[in-house]
Amino acid sequence: MQEKKAIRFLRNLYAERGYVKVKKGYKSSHSGWEIRFSTLDSEERKKLRKAMRLFGFKCGKQFKKHSRIVVPYYGFNQVSQFFKRIRPKTSKVPEQYF
């Protein structure tokens with residue numbers, strides 16, 4: 001997958017079904033941060049993991065939530081690097097954290 005294609009795919013997926021989760025009390029810590037992508041099928045999961053690996057991101061253990069599989073990426077460094085490198089259209093995270 002080419003970088004430009006990967007960036008476009010990740011931006012669109014994040015805008016549609018991605019979000020950041022920050023646990024309370026972890027505002028300045030490196031733990032407690034995660035970015036999650038809710039995927040529709042195994043093909044989309046493979047494409048997501050391949051695109052994220054291209055930029056050096058490592059996924060956590062995926063889990064089922066309702067009828068979808070969620071693919072998480074843990075840690076403040078991964079979350080901040082995602083926003084710096086991918087620059088999604090919507091951040092969904094208050095700017096005070098970055």
# chains A, B, ... in the order shown; residues from 1 in each chain; ligands from 1
$ residues_around --residues "A:Arg36" --least-positions-apart "4" --cutoff "9 Å" --atoms "only C-alpha atoms" --output "PyMOL selection string"
chain A and resi 14+17-21+70-74
$ closest_residue --among "A:Phe37, A:Ala6, A:Glu44, A:Met52" --to "A:Phe82" --atoms "only C-alpha atoms"
A:Met52
$ atom_distance --atom1 "atom CA of A:Pro88" --atom2 "atom CA of A:Ala15"
7.2 Å
$ atom_distance --atom1 "atom CA of A:Trp33" --atom2 "atom CA of A:Phe9"
22.3 Å
$ atom_distance --atom1 "atom CA of A:Phe55" --atom2 "atom CA of A:Leu13"
15.7 Å
$ select_by_dssp --residues "stretch 9-87 of chain A" --states "strand (DSSP E or B)" --output "list in words"
Gly18, Tyr19, Val20, Lys21, Val22, Trp33, Glu34, Ile35, Arg36, Phe37, Ser38, Thr39, Phe63, Lys64, Lys65, Arg68, Ile69, Val70, Val71, Pro72, Tyr73 and Tyr74 of chain A
$ residues_around --residues "A:Ala51" --least-positions-apart "5" --cutoff "9 Å" --atoms "only C-alpha atoms" --output "ChimeraX atom specification"
/A:1-3,5-7,9-10,46,57
$ decode --residues "chain A" --atoms "C-alpha atoms" --output "mmCIF file, in the first residue's frame"
data_model
loop_
_atom_site.group_PDB
_atom_site.id
_atom_site.type_symbol
_atom_site.label_atom_id
_atom_site.label_comp_id
_atom_site.auth_asym_id
_atom_site.auth_seq_id
_atom_site.Cartn_x
_atom_site.Cartn_y
_atom_site.Cartn_z
ATOM 1 C CA MET A 1 0.000 0.000 0.000
ATOM 2 C CA GLN A 2 1.327 3.436 -0.909
ATOM 3 C CA GLU A 3 1.667 6.120 1.751
ATOM 4 C CA LYS A 4 -0.817 8.511 0.128
ATOM 5 C CA LYS A 5 -3.419 5.763 -0.242
ATOM 6 C CA ALA A 6 -2.840 4.654 3.347
ATOM 7 C CA ILE A 7 -3.244 8.194 4.673
ATOM 8 C CA ARG A 8 -6.472 8.684 2.724
ATOM 9 C CA PHE A 9 -7.839 5.337 3.960
ATOM 10 C CA LEU A 10 -6.936 6.087 7.600
ATOM 11 C CA ARG A 11 -8.390 9.603 7.474
ATOM 12 C CA ASN A 12 -11.676 8.324 6.089
ATOM 13 C CA LEU A 13 -11.906 5.377 8.479
ATOM 14 C CA TYR A 14 -11.126 7.584 11.480
ATOM 15 C CA ALA A 15 -13.767 10.119 10.405
ATOM 16 C CA GLU A 16 -16.384 7.376 10.001
ATOM 17 C CA ARG A 17 -15.667 4.932 12.831
ATOM 18 C CA GLY A 18 -12.578 5.983 14.769
ATOM 19 C CA TYR A 19 -12.188 7.699 18.116
ATOM 20 C CA VAL A 20 -9.718 8.422 20.897
ATOM 21 C CA LYS A 21 -10.285 7.309 24.449
ATOM 22 C CA VAL A 22 -8.501 8.961 27.372
ATOM 23 C CA LYS A 23 -8.994 7.535 30.837
ATOM 24 C CA LYS A 24 -9.702 10.121 33.508
ATOM 25 C CA GLY A 25 -6.674 11.014 35.552
ATOM 26 C CA TYR A 26 -4.228 10.228 32.744
ATOM 27 C CA LYS A 27 -4.113 13.627 31.061
ATOM 28 C CA SER A 28 -0.336 13.942 31.168
ATOM 29 C CA SER A 29 0.616 10.286 31.460
ATOM 30 C CA HIS A 30 1.570 7.987 28.633
ATOM 31 C CA SER A 31 -0.796 5.250 29.761
ATOM 32 C CA GLY A 32 -4.547 5.567 29.536
ATOM 33 C CA TRP A 33 -4.513 6.756 25.924
ATOM 34 C CA GLU A 34 -5.863 4.774 23.010
ATOM 35 C CA ILE A 35 -7.158 5.246 19.509
ATOM 36 C CA ARG A 36 -9.859 2.820 18.401
ATOM 37 C CA PHE A 37 -11.164 1.841 15.005
ATOM 38 C CA SER A 38 -14.458 -0.010 14.680
ATOM 39 C CA THR A 39 -14.212 -2.288 11.641
ATOM 40 C CA LEU A 40 -16.975 -3.848 9.580
ATOM 41 C CA ASP A 41 -15.237 -7.026 8.385
ATOM 42 C CA SER A 42 -11.949 -8.931 8.305
ATOM 43 C CA GLU A 43 -10.933 -7.350 4.990
ATOM 44 C CA GLU A 44 -11.200 -3.863 6.475
ATOM 45 C CA ARG A 45 -9.235 -4.988 9.567
ATOM 46 C CA LYS A 46 -6.426 -6.332 7.390
ATOM 47 C CA LYS A 47 -6.305 -3.112 5.406
ATOM 48 C CA LEU A 48 -6.282 -1.051 8.633
ATOM 49 C CA ARG A 49 -3.468 -3.046 10.225
ATOM 50 C CA LYS A 50 -1.427 -2.919 7.005
ATOM 51 C CA ALA A 51 -1.873 0.864 6.693
ATOM 52 C CA MET A 52 -1.004 1.490 10.342
ATOM 53 C CA ARG A 53 2.053 -0.810 10.188
ATOM 54 C CA LEU A 54 3.306 1.237 7.251
ATOM 55 C CA PHE A 55 3.718 4.144 9.684
ATOM 56 C CA GLY A 56 5.119 2.021 12.525
ATOM 57 C CA PHE A 57 1.974 1.680 14.657
ATOM 58 C CA LYS A 58 1.377 -1.534 16.617
ATOM 59 C CA CYS A 59 -2.160 -2.642 17.387
ATOM 60 C CA GLY A 60 -3.377 -4.028 20.657
ATOM 61 C CA LYS A 61 -5.649 -7.003 21.102
ATOM 62 C CA GLN A 62 -8.803 -6.557 19.062
ATOM 63 C CA PHE A 63 -12.159 -7.127 20.735
ATOM 64 C CA LYS A 64 -15.815 -7.410 19.860
ATOM 65 C CA LYS A 65 -18.128 -4.508 20.638
ATOM 66 C CA HIS A 66 -21.730 -4.990 19.594
ATOM 67 C CA SER A 67 -21.641 -6.400 16.057
ATOM 68 C CA ARG A 68 -18.210 -5.014 15.131
ATOM 69 C CA ILE A 69 -14.582 -5.736 15.918
ATOM 70 C CA VAL A 70 -12.595 -2.881 17.463
ATOM 71 C CA VAL A 71 -8.872 -2.570 16.742
ATOM 72 C CA PRO A 72 -7.121 -0.476 19.429
ATOM 73 C CA TYR A 73 -3.747 1.278 19.372
ATOM 74 C CA TYR A 74 -2.499 2.032 22.884
ATOM 75 C CA GLY A 75 -0.286 4.747 24.329
ATOM 76 C CA PHE A 76 0.085 8.489 24.173
ATOM 77 C CA ASN A 77 2.979 8.245 21.710
ATOM 78 C CA GLN A 78 0.933 6.301 19.173
ATOM 79 C CA VAL A 79 -2.056 8.628 19.551
ATOM 80 C CA SER A 80 0.014 11.791 19.163
ATOM 81 C CA GLN A 81 1.987 10.351 16.230
ATOM 82 C CA PHE A 82 -1.254 9.381 14.524
ATOM 83 C CA PHE A 83 -2.498 12.979 14.662
ATOM 84 C CA LYS A 84 0.846 14.408 13.571
ATOM 85 C CA ARG A 85 1.431 12.046 10.659
ATOM 86 C CA ILE A 86 -2.065 11.204 9.427
ATOM 87 C CA ARG A 87 -3.745 14.541 10.274
ATOM 88 C CA PRO A 88 -7.347 13.329 10.307
ATOM 89 C CA LYS A 89 -10.072 15.755 9.274
ATOM 90 C CA THR A 90 -11.644 15.638 12.732
ATOM 91 C CA SER A 91 -9.470 15.271 15.798
ATOM 92 C CA LYS A 92 -12.208 14.347 18.298
ATOM 93 C CA VAL A 93 -9.668 15.149 21.023
ATOM 94 C CA PRO A 94 -9.362 18.522 22.755
ATOM 95 C CA GLU A 95 -6.293 20.407 21.503
ATOM 96 C CA GLN A 96 -5.105 20.914 25.089
ATOM 97 C CA TYR A 97 -3.763 17.355 25.054
ATOM 98 C CA PHE A 98 -1.358 18.058 22.193
#
